[in-house]
$ cat input.txt   # compact mmCIF, C-alpha atoms and all ligand atoms
# COMPACT_ATOMS: atom_id res chain seq x y z
CA MET A 1 86.03 111.64 96.87
CA THR A 2 83.40 111.05 94.21
CA LEU A 3 84.54 110.87 90.62
CA ASN A 4 82.55 112.95 88.16
CA LYS A 5 80.53 111.37 85.36
CA GLU A 6 83.37 111.64 82.79
CA TYR A 7 85.82 109.83 85.05
CA GLN A 8 83.24 107.17 85.87
CA GLU A 9 82.56 106.59 82.19
CA LEU A 10 86.30 106.38 81.56
CA ARG A 11 86.63 103.82 84.38
CA ASP A 12 83.72 101.78 82.96
CA MET A 13 85.37 101.79 79.54
CA ALA A 14 88.81 100.79 80.89
CA ALA A 15 87.26 98.17 83.20
CA LYS A 16 85.33 96.60 80.33
CA PHE A 17 88.48 96.50 78.21
CA ALA A 18 90.41 94.91 81.10
CA ASP A 19 87.67 92.32 81.73
CA VAL A 20 87.10 91.37 78.09
CA GLU A 21 90.50 91.76 76.41
CA VAL A 22 93.15 91.59 79.14
CA ALA A 23 92.20 89.47 82.17
CA PRO A 24 91.25 86.37 80.15
CA ILE A 25 94.81 86.11 78.77
CA ALA A 26 96.73 87.30 81.85
CA ALA A 27 97.74 83.75 82.88
CA GLN A 28 98.90 83.07 79.32
CA ILE A 29 100.95 86.31 79.31
CA ASP A 30 102.54 85.27 82.61
CA HIS A 31 103.26 81.74 81.36
CA GLU A 32 104.56 82.68 77.90
CA GLU A 33 106.33 85.78 79.21
CA LEU A 34 104.97 87.78 76.31
CA ILE A 35 102.19 90.27 75.67
CA PRO A 36 100.70 89.15 72.34
CA LYS A 37 100.76 91.56 69.41
CA THR A 38 96.97 91.28 69.16
CA LEU A 39 96.62 92.81 72.62
CA ILE A 40 99.22 95.50 71.87
CA ASP A 41 97.23 96.42 68.77
CA LYS A 42 94.06 96.73 70.87
CA LEU A 43 95.89 98.92 73.41
CA LYS A 44 96.90 101.15 70.51
CA GLU A 45 93.31 101.36 69.27
CA MET A 46 92.21 102.40 72.75
CA GLY A 47 94.71 105.28 72.75
CA PHE A 48 96.48 103.92 75.85
CA PHE A 49 99.95 104.71 74.51
CA GLY A 50 99.28 108.43 74.48
CA ILE A 51 96.99 108.98 77.45
CA TYR A 52 98.09 112.52 78.34
CA ILE A 53 99.88 113.49 75.16
CA PRO A 54 97.90 116.49 73.83
CA GLU A 55 95.67 115.93 70.83
CA GLU A 56 97.87 118.21 68.69
CA TYR A 57 100.53 115.48 68.89
CA GLY A 58 98.05 112.68 68.29
CA GLY A 59 97.42 111.72 71.91
CA ALA A 60 94.20 111.36 73.91
CA GLY A 61 94.87 114.61 75.79
CA LEU A 62 93.58 113.27 79.12
CA ASP A 63 94.71 114.32 82.59
CA TYR A 64 96.60 112.44 85.30
CA ILE A 65 93.49 111.32 87.18
CA SER A 66 92.38 109.63 83.95
CA TYR A 67 95.81 108.06 83.62
CA ALA A 68 95.62 106.67 87.18
CA ILE A 69 92.15 105.23 86.54
CA ILE A 70 93.23 103.53 83.30
CA MET A 71 96.39 102.18 84.97
CA GLU A 72 94.39 100.70 87.85
CA GLU A 73 91.91 98.96 85.58
CA LEU A 74 94.51 97.66 83.12
CA SER A 75 96.68 96.34 85.95
CA ARG A 76 93.66 94.66 87.52
CA GLY A 77 93.44 92.74 84.26
CA CYS A 78 97.17 92.06 83.90
CA ALA A 79 100.08 93.64 85.77
CA SER A 80 102.53 93.11 82.89
CA THR A 81 100.23 94.98 80.52
CA GLY A 82 99.87 97.69 83.14
CA VAL A 83 103.59 98.34 83.41
CA LEU A 84 104.08 98.34 79.63
CA ILE A 85 101.65 101.25 79.47
CA SER A 86 102.87 102.90 82.67
CA ALA A 87 106.60 102.99 81.79
CA HIS A 88 105.80 104.13 78.25
CA ASN A 89 103.49 106.97 79.31
CA SER A 90 105.03 108.26 82.49
CA LEU A 91 108.73 107.56 81.99
CA CYS A 92 109.14 108.29 78.28
CA ASN A 93 106.20 110.36 76.98
CA TYR A 94 106.03 112.60 80.04
CA PRO A 95 109.65 113.86 80.17
CA ILE A 96 109.62 114.56 76.41
CA LEU A 97 106.33 116.43 76.78
CA LYS A 98 107.51 118.36 79.85
CA PHE A 99 111.14 119.10 79.03
CA GLY A 100 111.36 118.64 75.23
CA THR A 101 111.79 121.41 72.68
CA ASP A 102 109.02 122.00 70.13
CA GLU A 103 111.12 120.15 67.54
CA GLN A 104 111.62 117.17 69.87
CA LYS A 105 107.92 117.00 70.67
CA LYS A 106 106.93 117.20 67.00
CA LYS A 107 109.49 114.57 66.08
CA TYR A 108 108.90 112.01 68.83
CA LEU A 109 105.48 112.39 70.45
CA PRO A 110 103.17 111.46 67.53
CA LYS A 111 104.61 107.96 67.13
CA LEU A 112 104.83 107.46 70.89
CA ALA A 113 101.17 108.56 71.18
CA THR A 114 99.97 105.87 68.80
CA GLY A 115 102.25 103.16 70.16
CA GLU A 116 104.02 102.82 66.83
CA HIS A 117 107.11 103.52 68.91
CA ILE A 118 107.41 102.07 72.42
CA GLY A 119 109.30 104.07 75.03
CA CYS A 120 111.57 103.26 77.97
CA PHE A 121 113.54 105.09 80.68
CA CYS A 122 117.23 104.33 81.18
CA LEU A 123 118.39 105.58 84.57
CA SER A 124 119.47 102.60 86.71
CA GLU A 125 122.88 101.00 86.29
CA PRO A 126 124.68 98.05 87.87
CA ASN A 127 126.14 100.39 90.53
CA ALA A 128 123.43 103.06 90.58
CA GLY A 129 119.98 101.87 91.66
CA SER A 130 118.51 103.71 94.64
CA ASP A 131 121.59 105.94 94.50
CA ALA A 132 120.65 107.19 91.04
CA GLY A 133 123.12 110.08 91.21
CA ALA A 134 126.03 107.60 91.21
CA LEU A 135 125.58 106.52 87.59
CA THR A 136 128.71 106.36 85.42
CA THR A 137 127.36 106.21 81.85
CA PHE A 138 129.23 109.05 80.20
CA ALA A 139 128.25 111.38 77.36
CA GLU A 140 131.37 112.92 75.89
CA ASP A 141 130.95 116.18 74.02
CA LYS A 142 132.48 115.63 70.59
CA GLY A 143 131.60 119.02 69.17
CA ASP A 144 128.77 118.15 66.77
CA TYR A 145 127.41 115.30 68.86
CA PHE A 146 127.66 113.44 72.17
CA GLU A 147 129.23 110.01 72.32
CA ILE A 148 127.60 107.90 75.03
CA SER A 149 129.03 104.73 76.60
CA GLY A 150 127.85 102.74 79.61
CA THR A 151 125.52 100.02 80.89
CA LYS A 152 121.88 100.38 81.95
CA ASN A 153 120.06 97.89 84.17
CA PHE A 154 116.48 96.77 84.83
CA ILE A 155 115.01 98.71 81.92
CA THR A 156 111.27 98.11 81.63
CA ASN A 157 110.23 97.83 77.92
CA GLY A 158 113.95 97.70 77.11
CA LYS A 159 113.54 94.89 74.59
CA GLU A 160 110.70 96.51 72.61
CA ALA A 161 111.53 100.20 72.94
CA LYS A 162 112.33 102.35 69.93
CA ILE A 163 112.77 105.49 72.02
CA ALA A 164 114.69 105.78 75.30
CA VAL A 165 114.92 108.70 77.68
CA LEU A 166 118.43 108.10 78.95
CA PHE A 167 120.57 109.66 81.65
CA ALA A 168 124.33 110.09 81.50
CA LYS A 169 127.03 112.17 83.11
CA THR A 170 128.20 115.04 80.94
CA GLU A 171 130.82 116.10 83.50
CA LYS A 172 132.86 113.47 85.27
CA THR A 173 133.96 115.69 88.13
CA LYS A 174 130.50 116.78 89.30
CA ASP A 175 128.02 114.73 91.33
CA HIS A 176 124.37 114.57 90.24
CA LYS A 177 124.74 118.14 88.89
CA GLY A 178 126.87 116.77 86.05
CA MET A 179 124.04 114.52 84.81
CA SER A 180 122.06 115.21 81.65
CA ALA A 181 119.07 113.62 79.92
CA PHE A 182 118.91 112.53 76.27
CA ILE A 183 116.40 111.16 73.79
CA ILE A 184 117.94 108.09 72.17
CA GLU A 185 116.70 106.03 69.25
CA THR A 186 117.48 102.45 70.15
CA ASP A 187 118.43 101.44 66.61
CA TRP A 188 121.39 103.81 66.63
CA GLU A 189 124.70 102.02 66.29
CA GLY A 190 126.23 100.95 69.59
CA PHE A 191 122.89 100.56 71.46
CA SER A 192 122.19 96.91 72.24
CA VAL A 193 120.11 94.76 74.56
CA GLN A 194 122.48 92.43 76.43
CA LYS A 195 119.94 90.26 78.24
CA CYS A 196 116.42 90.17 79.65
CA GLU A 197 115.96 89.27 83.31
CA ASP A 198 114.15 86.09 84.39
CA LYS A 199 111.88 87.52 87.09
CA LEU A 200 109.52 86.49 89.90
CA GLY A 201 106.54 88.41 88.48
CA ILE A 202 105.37 90.83 85.76
CA LYS A 203 106.75 88.13 83.49
CA GLY A 204 105.14 89.49 80.32
CA SER A 205 107.05 92.75 80.72
CA SER A 206 110.63 92.87 79.45
CA THR A 207 113.33 94.00 81.89
CA ALA A 208 116.52 94.49 79.94
CA GLN A 209 120.17 95.19 80.49
CA ILE A 210 121.36 97.61 77.85
CA SER A 211 124.83 98.38 76.63
CA LEU A 212 125.86 101.64 74.98
CA GLU A 213 129.14 101.62 73.13
CA LYS A 214 130.12 104.96 71.69
CA VAL A 215 126.54 105.77 70.65
CA LYS A 216 126.56 108.99 68.62
CA VAL A 217 123.77 111.26 69.84
CA PRO A 218 123.02 114.49 67.95
CA LYS A 219 123.26 117.65 70.04
CA GLU A 220 119.57 118.37 69.40
CA ASN A 221 118.70 115.20 71.33
CA LEU A 222 119.78 116.65 74.66
CA LEU A 223 116.55 116.70 76.72
CA GLY A 224 116.27 119.80 78.89
CA ALA A 225 119.29 121.84 79.88
CA LEU A 226 122.80 120.43 80.15
CA GLY A 227 123.48 119.29 83.73
CA LYS A 228 119.77 119.19 84.70
CA GLY A 229 119.29 115.48 84.13
CA PHE A 230 118.98 114.49 87.79
CA ARG A 231 116.11 116.87 88.38
CA ILE A 232 114.43 115.73 85.14
CA GLY A 233 114.79 112.11 86.28
CA LEU A 234 113.39 112.74 89.77
CA GLU A 235 110.53 114.88 88.52
CA THR A 236 109.65 112.20 86.00
CA LEU A 237 109.71 109.58 88.75
CA ASP A 238 107.36 111.70 90.89
CA GLY A 239 104.70 111.18 88.21
CA GLY A 240 105.75 107.61 87.46
CA ARG A 241 105.19 106.67 91.09
CA ILE A 242 101.49 107.50 90.76
CA GLY A 243 101.38 105.03 87.86
CA ILE A 244 103.04 102.31 89.94
CA ALA A 245 100.74 103.04 92.89
CA SER A 246 97.80 102.58 90.50
CA GLN A 247 99.32 99.35 89.23
CA ALA A 248 99.62 98.09 92.83
CA LEU A 249 96.00 99.09 93.46
CA GLY A 250 94.84 97.18 90.38
CA ILE A 251 96.75 94.06 91.41
CA GLY A 252 95.36 94.29 94.96
CA GLU A 253 91.82 94.81 93.69
CA ALA A 254 92.08 91.74 91.45
CA ALA A 255 93.28 89.59 94.37
CA PHE A 256 90.59 90.97 96.67
CA ARG A 257 87.76 90.31 94.21
CA TYR A 258 88.92 86.75 93.66
CA ALA A 259 89.32 86.04 97.39
CA LYS A 260 85.89 87.51 98.16
CA LYS A 261 84.15 85.43 95.49
CA TYR A 262 85.99 82.31 96.60
CA ALA A 263 85.10 82.93 100.26
CA MET A 264 81.41 83.27 99.38
CA GLU A 265 81.37 80.01 97.38
CA ARG A 266 83.70 77.71 99.34
CA ILE A 267 81.90 75.64 101.96
CA GLN A 268 83.78 74.58 105.09
CA PHE A 269 82.32 73.63 108.48
CA GLY A 270 78.93 73.50 106.71
CA LYS A 271 78.86 77.16 105.62
CA PRO A 272 80.58 79.56 103.25
CA LEU A 273 84.03 80.72 104.34
CA SER A 274 82.68 84.28 104.22
CA ASP A 275 80.45 83.47 107.24
CA LEU A 276 83.58 83.04 109.34
CA GLN A 277 84.67 86.17 111.17
CA ALA A 278 88.36 85.36 110.66
CA ILE A 279 87.79 85.59 106.90
CA GLN A 280 85.50 88.62 107.17
CA PHE A 281 88.22 90.54 109.02
CA MET A 282 90.72 89.80 106.26
CA LEU A 283 88.25 90.93 103.59
CA ALA A 284 87.42 94.07 105.60
CA ASP A 285 91.08 95.02 105.91
CA MET A 286 91.68 94.36 102.21
CA SER A 287 88.74 96.55 101.24
CA THR A 288 89.88 99.35 103.56
CA LYS A 289 93.47 99.32 102.27
CA LEU A 290 92.22 99.44 98.68
CA HIS A 291 89.93 102.36 99.44
CA ALA A 292 92.73 104.29 101.17
CA SER A 293 95.13 103.56 98.29
CA ARG A 294 92.62 104.81 95.72
CA LEU A 295 92.01 108.04 97.65
CA MET A 296 95.75 108.69 98.00
CA ILE A 297 96.32 108.05 94.29
CA LEU A 298 93.47 110.32 93.23
CA ASN A 299 94.68 113.04 95.60
CA ALA A 300 98.26 112.92 94.26
CA SER A 301 96.93 112.89 90.67
CA GLN A 302 94.67 115.85 91.35
CA LEU A 303 97.57 117.85 92.81
CA LYS A 304 99.62 117.06 89.71
CA ASP A 305 96.77 118.06 87.40
CA GLU A 306 96.38 121.34 89.29
CA GLY A 307 100.10 122.13 89.00
CA GLU A 308 100.66 121.86 92.77
CA ARG A 309 103.66 120.17 94.40
CA TYR A 310 103.00 116.45 94.76
CA SER A 311 106.36 114.66 95.35
CA LYS A 312 105.39 113.73 98.90
CA GLU A 313 101.87 112.64 97.98
CA SER A 314 103.02 110.49 95.06
CA ALA A 315 105.67 108.84 97.26
CA GLN A 316 103.03 108.25 99.97
CA ALA A 317 100.58 106.81 97.46
CA LYS A 318 103.20 104.44 96.03
CA LEU A 319 104.47 103.42 99.47
CA PHE A 320 101.00 102.75 100.82
CA ALA A 321 99.46 101.14 97.74
CA SER A 322 102.41 98.83 97.06
CA GLU A 323 102.67 97.63 100.66
CA ALA A 324 98.89 97.22 100.70
CA ALA A 325 99.03 95.16 97.49
CA MET A 326 101.68 92.90 98.98
CA TRP A 327 99.60 92.43 102.14
CA ILE A 328 96.34 91.91 100.24
CA THR A 329 97.80 89.36 97.83
CA THR A 330 99.38 87.46 100.73
CA LYS A 331 96.03 87.34 102.53
CA ALA A 332 94.22 86.39 99.32
CA ILE A 333 96.38 83.28 99.13
CA GLN A 334 95.56 82.64 102.79
CA VAL A 335 91.82 82.84 102.10
CA LEU A 336 92.16 80.28 99.32
CA GLY A 337 94.48 78.07 101.39
CA GLY A 338 96.21 75.32 99.39
CA ALA A 339 94.37 76.40 96.23
CA GLY A 340 95.84 79.86 96.56
CA TYR A 341 99.34 78.44 96.37
CA CYS A 342 98.64 76.74 93.02
CA LYS A 343 98.99 78.24 89.57
CA GLU A 344 95.50 77.05 88.66
CA TYR A 345 94.22 80.07 90.62
CA PRO A 346 95.23 83.66 89.82
CA VAL A 347 96.12 84.87 93.31
CA GLU A 348 99.64 83.38 93.30
CA ARG A 349 100.32 85.45 90.14
CA HIS A 350 98.93 88.55 91.82
CA PHE A 351 101.23 87.86 94.79
CA ARG A 352 104.28 87.55 92.51
CA ASP A 353 103.27 90.62 90.50
CA ALA A 354 102.65 92.75 93.59
CA LYS A 355 106.20 92.46 94.91
CA ILE A 356 107.82 94.59 92.20
CA THR A 357 105.61 97.57 93.07
CA GLU A 358 107.55 97.85 96.35
CA ILE A 359 110.78 98.01 94.36
CA TYR A 360 110.72 99.75 90.98
CA GLU A 361 110.54 103.51 90.48
CA GLY A 362 112.01 103.76 93.97
CA THR A 363 111.87 101.15 96.74
CA SER A 364 109.60 101.61 99.76
CA GLU A 365 112.70 102.78 101.65
CA ILE A 366 113.35 105.49 99.02
CA GLN A 367 109.68 106.58 99.25
CA ARG A 368 110.11 106.93 103.03
CA LEU A 369 113.24 109.05 102.44
CA VAL A 370 111.34 111.29 100.02
CA ILE A 371 108.40 111.66 102.44
CA ALA A 372 110.66 112.39 105.42
CA HIS A 373 112.71 114.88 103.40
CA ASN A 374 109.53 116.71 102.36
CA GLU A 375 108.18 116.75 105.93
CA LEU A 376 111.43 117.96 107.43
CA THR A 377 112.10 120.73 104.94
CA SER A 378 108.62 122.19 104.43
N1 LIG A 401 112.02 116.73 91.61
C1 LIG A 401 112.96 117.57 91.14
N2 LIG A 401 114.15 117.74 91.74
C2 LIG A 401 114.38 117.05 92.87
C3 LIG A 401 113.43 116.16 93.42
C4 LIG A 401 112.20 116.02 92.74
N3 LIG A 401 111.26 115.20 93.19
N4 LIG A 401 113.95 115.61 94.53
C5 LIG A 401 115.18 116.14 94.70
N5 LIG A 401 115.44 117.00 93.68
C6 LIG A 401 116.65 117.79 93.48
C7 LIG A 401 117.06 118.52 94.74
O1 LIG A 401 116.41 119.77 94.82
C8 LIG A 401 118.55 118.67 94.52
O2 LIG A 401 118.74 119.72 93.62
P1 LIG A 401 120.05 120.70 93.73
O3 LIG A 401 121.25 119.82 93.68
O4 LIG A 401 119.92 121.61 92.57
O5 LIG A 401 119.92 121.36 95.06
C9 LIG A 401 118.93 117.39 93.81
O6 LIG A 401 117.73 116.90 93.21
C10 LIG A 401 119.52 116.36 94.72
O7 LIG A 401 118.61 116.13 95.78
P2 LIG A 401 119.02 115.18 97.00
O8 LIG A 401 120.30 115.68 97.61
O9 LIG A 401 117.83 115.02 97.87
O10 LIG A 401 119.36 113.83 96.20
P3 LIG A 401 119.96 112.47 96.70
O11 LIG A 401 121.16 112.17 95.92
O12 LIG A 401 120.04 112.44 98.19
O13 LIG A 401 118.84 111.42 96.19
C11 LIG A 401 116.81 110.21 96.23
C12 LIG A 401 117.54 111.56 96.46
C13 LIG A 401 115.38 110.46 96.69
C14 LIG A 401 117.39 109.09 97.05
C15 LIG A 401 116.86 109.89 94.73
O14 LIG A 401 118.17 109.51 94.36
C16 LIG A 401 115.92 108.77 94.34
O15 LIG A 401 114.73 109.00 94.15
N6 LIG A 401 116.46 107.55 94.19
C17 LIG A 401 115.67 106.43 93.68
C18 LIG A 401 115.80 106.34 92.19
C19 LIG A 401 114.72 105.49 91.60
O16 LIG A 401 113.54 105.66 91.86
N7 LIG A 401 115.16 104.58 90.73
C20 LIG A 401 114.26 103.79 89.98
C21 LIG A 401 114.68 103.83 88.53
S1 LIG A 401 113.46 103.79 87.33
C22 LIG A 401 112.95 102.19 87.27
O17 LIG A 401 112.48 101.70 88.25
C23 LIG A 401 113.15 101.41 86.02
C24 LIG A 401 111.97 101.19 85.20
O18 LIG A 401 112.10 101.05 83.99
C25 LIG A 401 110.61 101.06 85.80

$ encode --input "input.txt" --output "structure tokens" --more "lines below"
Ligand code: CAA
Amino acid sequence: MTLNKEYQELRDMAAKFADVEVAPIAAQIDHEELIPKTLIDKLKEMGFFGIYIPEEYGGAGLDYISYAIIMEELSRGCASTGVLISAHNSLCNYPILKFGTDEQKKKYLPKLATGEHIGCFCLSEPNAGSDAGALTTFAEDKGDYFEISGTKNFITNGKEAKIAVLFAKTEKTKDHKGMSAFIIETDWEGFSVQKCEDKLGIKGSSTAQISLEKVKVPKENLLGALGKGFRIGLETLDGGRIGIASQALGIGEAAFRYAKKYAMERIQFGKPLSDLQAIQFMLADMSTKLHASRLMILNASQLKDEGERYSKESAQAKLFASEAAMWITTKAIQVLGGAGYCKEYPVERHFRDAKITEIYEGTSEIQRLVIAHNELTS
């Protein structure tokens, strides 16, 4: 699959930004567990907070292939920066764009598009992770408004977000059918961040536990139809999984490039490591897995852009790319040997960052369930 000139120019632009502005501070972001405001301002200037929000709402109006390309390049520079942009675009902007009313889009999208407001997605709970339909956060209909109470877990961007797309039961007796989606402003009374997780990787990205205590939500902030929240959540995740697959690809590509360069420069047994067939085979497998991941991601993105069904393809892309990233980063450490295990070199960070891509927005096991379900029912 050859990308046309526009996509190649977009990749060159995103790659340059990643190389000049992002990668040089990725170790600092990991160490300080913070993406500096200066970088966030540059991401805003680039339009990365509103990649596929239409221009009429102040976004860049690009398609999903463009989104995947930008996500890959940004994540190659820094995985934490990648997921800030990914969760914001695909888990907050997208559902408002797809399921929001005209009023909701006019009210919320312009500030999300510029990054003035950061977005998050509140689905998971302490007892509802892979089993998303089991959530217990409840939105009680109080006539003029909903009153929402509950706890949300593992919320990417939870500390910084101003806008949350949040899921709650609106009927206690029904299973996933009694779930609805809402647009919440996080400064509303009763919404609070309880803690941020201390994680293995993507350490510059906040992962928050959020408490809702009798948060009053205006009726007009119901997103989509009452009782349709589960479908809205799963459809949103279908797109989000392409973003995470692209993140995994970027992390894998970064580890591969470093391992290749190292292998060509490091002399052992009187010659570069890259002259050794054992190392060549590892590099060959890394390159092949990256190529396959990229093709799967572009294919799923293209289906999405063309309005075709793509649940299976996005799950396949995420499953393959995340497991490939884990394998590639493990082998990259192996190529570097003892050096690879030390923080002085970036591959141990890539290894730690890669792991989450097999977990969030649906574990590899959930992706296999989605793929099998699609195969067995089509
Ligand atoms: N799009 C739209 N609707 C869908 C769908 C999709 N991709 N997949 C299923 N549905 C619909 C079904 O048609 C069905 O609809 P009806 O009830 O109207 O018939 C309904 O959803 C239920 O379908 P299932 O019976 O297949 O649902 P299930 O309860 O067995 O669960 C699941 C399916 C695939 C396991 C799903 O629960 C799932 O994806 N779980 C993982 C959740 C997940 O990814 N969590 C990550 C949270 S986000 C995150 O990571 C945090 C962050 O900030 C990054």

$ residues_near_ligand --input "input.txt" --ligand "ligand LIG 401 (chain A)" --cutoff "7 Å" --atoms "all atoms listed in the file" --output "VMD selection string"
chain A and resid 87 120 to 124 129 to 133 154 to 156 176 to 177 230 to 232 234 to 235 237 to 238 311 360 to 363 366 369 to 370

$ atom_distance --input "input.txt" --atom1 "atom CA of Ala79 of chain A" --atom2 "atom CA of Glu125 of chain A"
24.0 Å

$ residues_near_point --input "input.txt" --point "(116.4, 102.2, 75.7)" --cutoff "10 Å" --atoms "only C-alpha atoms" --output "ChimeraX atom specification"
/A:92,118-123,152,155-166,183-187,191-193,208-212

$ closest_residue --input "input.txt" --among "A:Arg76, A:Leu10, A:Ala339, A:Pro110" --to "Leu62 of chain A" --atoms "all atoms listed in the file"
A:Leu10

$ residues_around --input "input.txt" --residues "segment 47-60 of chain A" --least-positions-apart "4" --cutoff "12 Å" --atoms "all atoms listed in the file" --output "ChimeraX atom specification"
/A:10,13-14,17,39-43,64-71,73-74,81-98,102-119,239,243,305

$ atom_distance --input "input.txt" --atom1 "atom CA of Glu33 of chain A" --atom2 "atom CA of Ser364 of chain A"
26.1 Å

$ build_atoms --input "input.txt" --residues "segment 241-255 of chain A" --atoms "N, CA, C and O atoms" --output "mmCIF file, in the frame of the given file"
data_model
loop_
_atom_site.group_PDB
_atom_site.id
_atom_site.type_symbol
_atom_site.label_atom_id
_atom_site.label_comp_id
_atom_site.auth_asym_id
_atom_site.auth_seq_id
_atom_site.Cartn_x
_atom_site.Cartn_y
_atom_site.Cartn_z
ATOM 1 N N ARG A 241 105.574 107.375 89.857
ATOM 2 C CA ARG A 241 105.190 106.670 91.090
ATOM 3 C C ARG A 241 103.667 106.607 91.270
ATOM 4 O O ARG A 241 103.150 105.662 91.874
ATOM 5 N N ILE A 242 102.960 107.577 90.722
ATOM 6 C CA ILE A 242 101.490 107.500 90.760
ATOM 7 C C ILE A 242 101.037 106.328 89.874
ATOM 8 O O ILE A 242 100.112 105.587 90.229
ATOM 9 N N GLY A 243 101.711 106.158 88.745
ATOM 10 C CA GLY A 243 101.380 105.030 87.860
ATOM 11 C C GLY A 243 101.625 103.694 88.537
ATOM 12 O O GLY A 243 100.797 102.766 88.435
ATOM 13 N N ILE A 244 102.734 103.580 89.264
ATOM 14 C CA ILE A 244 103.040 102.310 89.940
ATOM 15 C C ILE A 244 102.086 102.090 91.120
ATOM 16 O O ILE A 244 101.662 100.959 91.393
ATOM 17 N N ALA A 245 101.738 103.163 91.805
ATOM 18 C CA ALA A 245 100.740 103.040 92.890
ATOM 19 C C ALA A 245 99.431 102.512 92.306
ATOM 20 O O ALA A 245 98.773 101.628 92.887
ATOM 21 N N SER A 246 99.051 103.023 91.139
ATOM 22 C CA SER A 246 97.800 102.580 90.500
ATOM 23 C C SER A 246 97.922 101.129 90.056
ATOM 24 O O SER A 246 96.941 100.367 90.115
ATOM 25 N N GLN A 247 99.099 100.753 89.596
ATOM 26 C CA GLN A 247 99.320 99.350 89.230
ATOM 27 C C GLN A 247 99.133 98.459 90.460
ATOM 28 O O GLN A 247 98.454 97.422 90.402
ATOM 29 N N ALA A 248 99.742 98.864 91.584
ATOM 30 C CA ALA A 248 99.620 98.090 92.830
ATOM 31 C C ALA A 248 98.145 97.985 93.236
ATOM 32 O O ALA A 248 97.664 96.907 93.631
ATOM 33 N N LEU A 249 97.427 99.091 93.111
ATOM 34 C CA LEU A 249 96.000 99.090 93.460
ATOM 35 C C LEU A 249 95.226 98.101 92.582
ATOM 36 O O LEU A 249 94.387 97.341 93.088
ATOM 37 N N GLY A 250 95.528 98.103 91.289
ATOM 38 C CA GLY A 250 94.840 97.180 90.380
ATOM 39 C C GLY A 250 95.127 95.728 90.732
ATOM 40 O O GLY A 250 94.218 94.875 90.739
ATOM 41 N N ILE A 251 96.383 95.433 91.048
ATOM 42 C CA ILE A 251 96.750 94.060 91.410
ATOM 43 C C ILE A 251 96.018 93.663 92.703
ATOM 44 O O ILE A 251 95.444 92.568 92.818
ATOM 45 N N GLY A 252 96.034 94.565 93.683
ATOM 46 C CA GLY A 252 95.360 94.290 94.960
ATOM 47 C C GLY A 252 93.867 94.079 94.776
ATOM 48 O O GLY A 252 93.262 93.174 95.364
ATOM 49 N N GLU A 253 93.266 94.912 93.942
ATOM 50 C CA GLU A 253 91.820 94.810 93.690
ATOM 51 C C GLU A 253 91.489 93.459 93.047
ATOM 52 O O GLU A 253 90.490 92.808 93.416
ATOM 53 N N ALA A 254 92.326 93.030 92.107
ATOM 54 C CA ALA A 254 92.080 91.740 91.450
ATOM 55 C C ALA A 254 92.135 90.601 92.471
ATOM 56 O O ALA A 254 91.272 89.699 92.479
ATOM 57 N N ALA A 255 93.134 90.646 93.356
ATOM 58 C CA ALA A 255 93.280 89.590 94.370
ATOM 59 C C ALA A 255 92.106 89.622 95.351
ATOM 60 O O ALA A 255 91.565 88.567 95.738
#
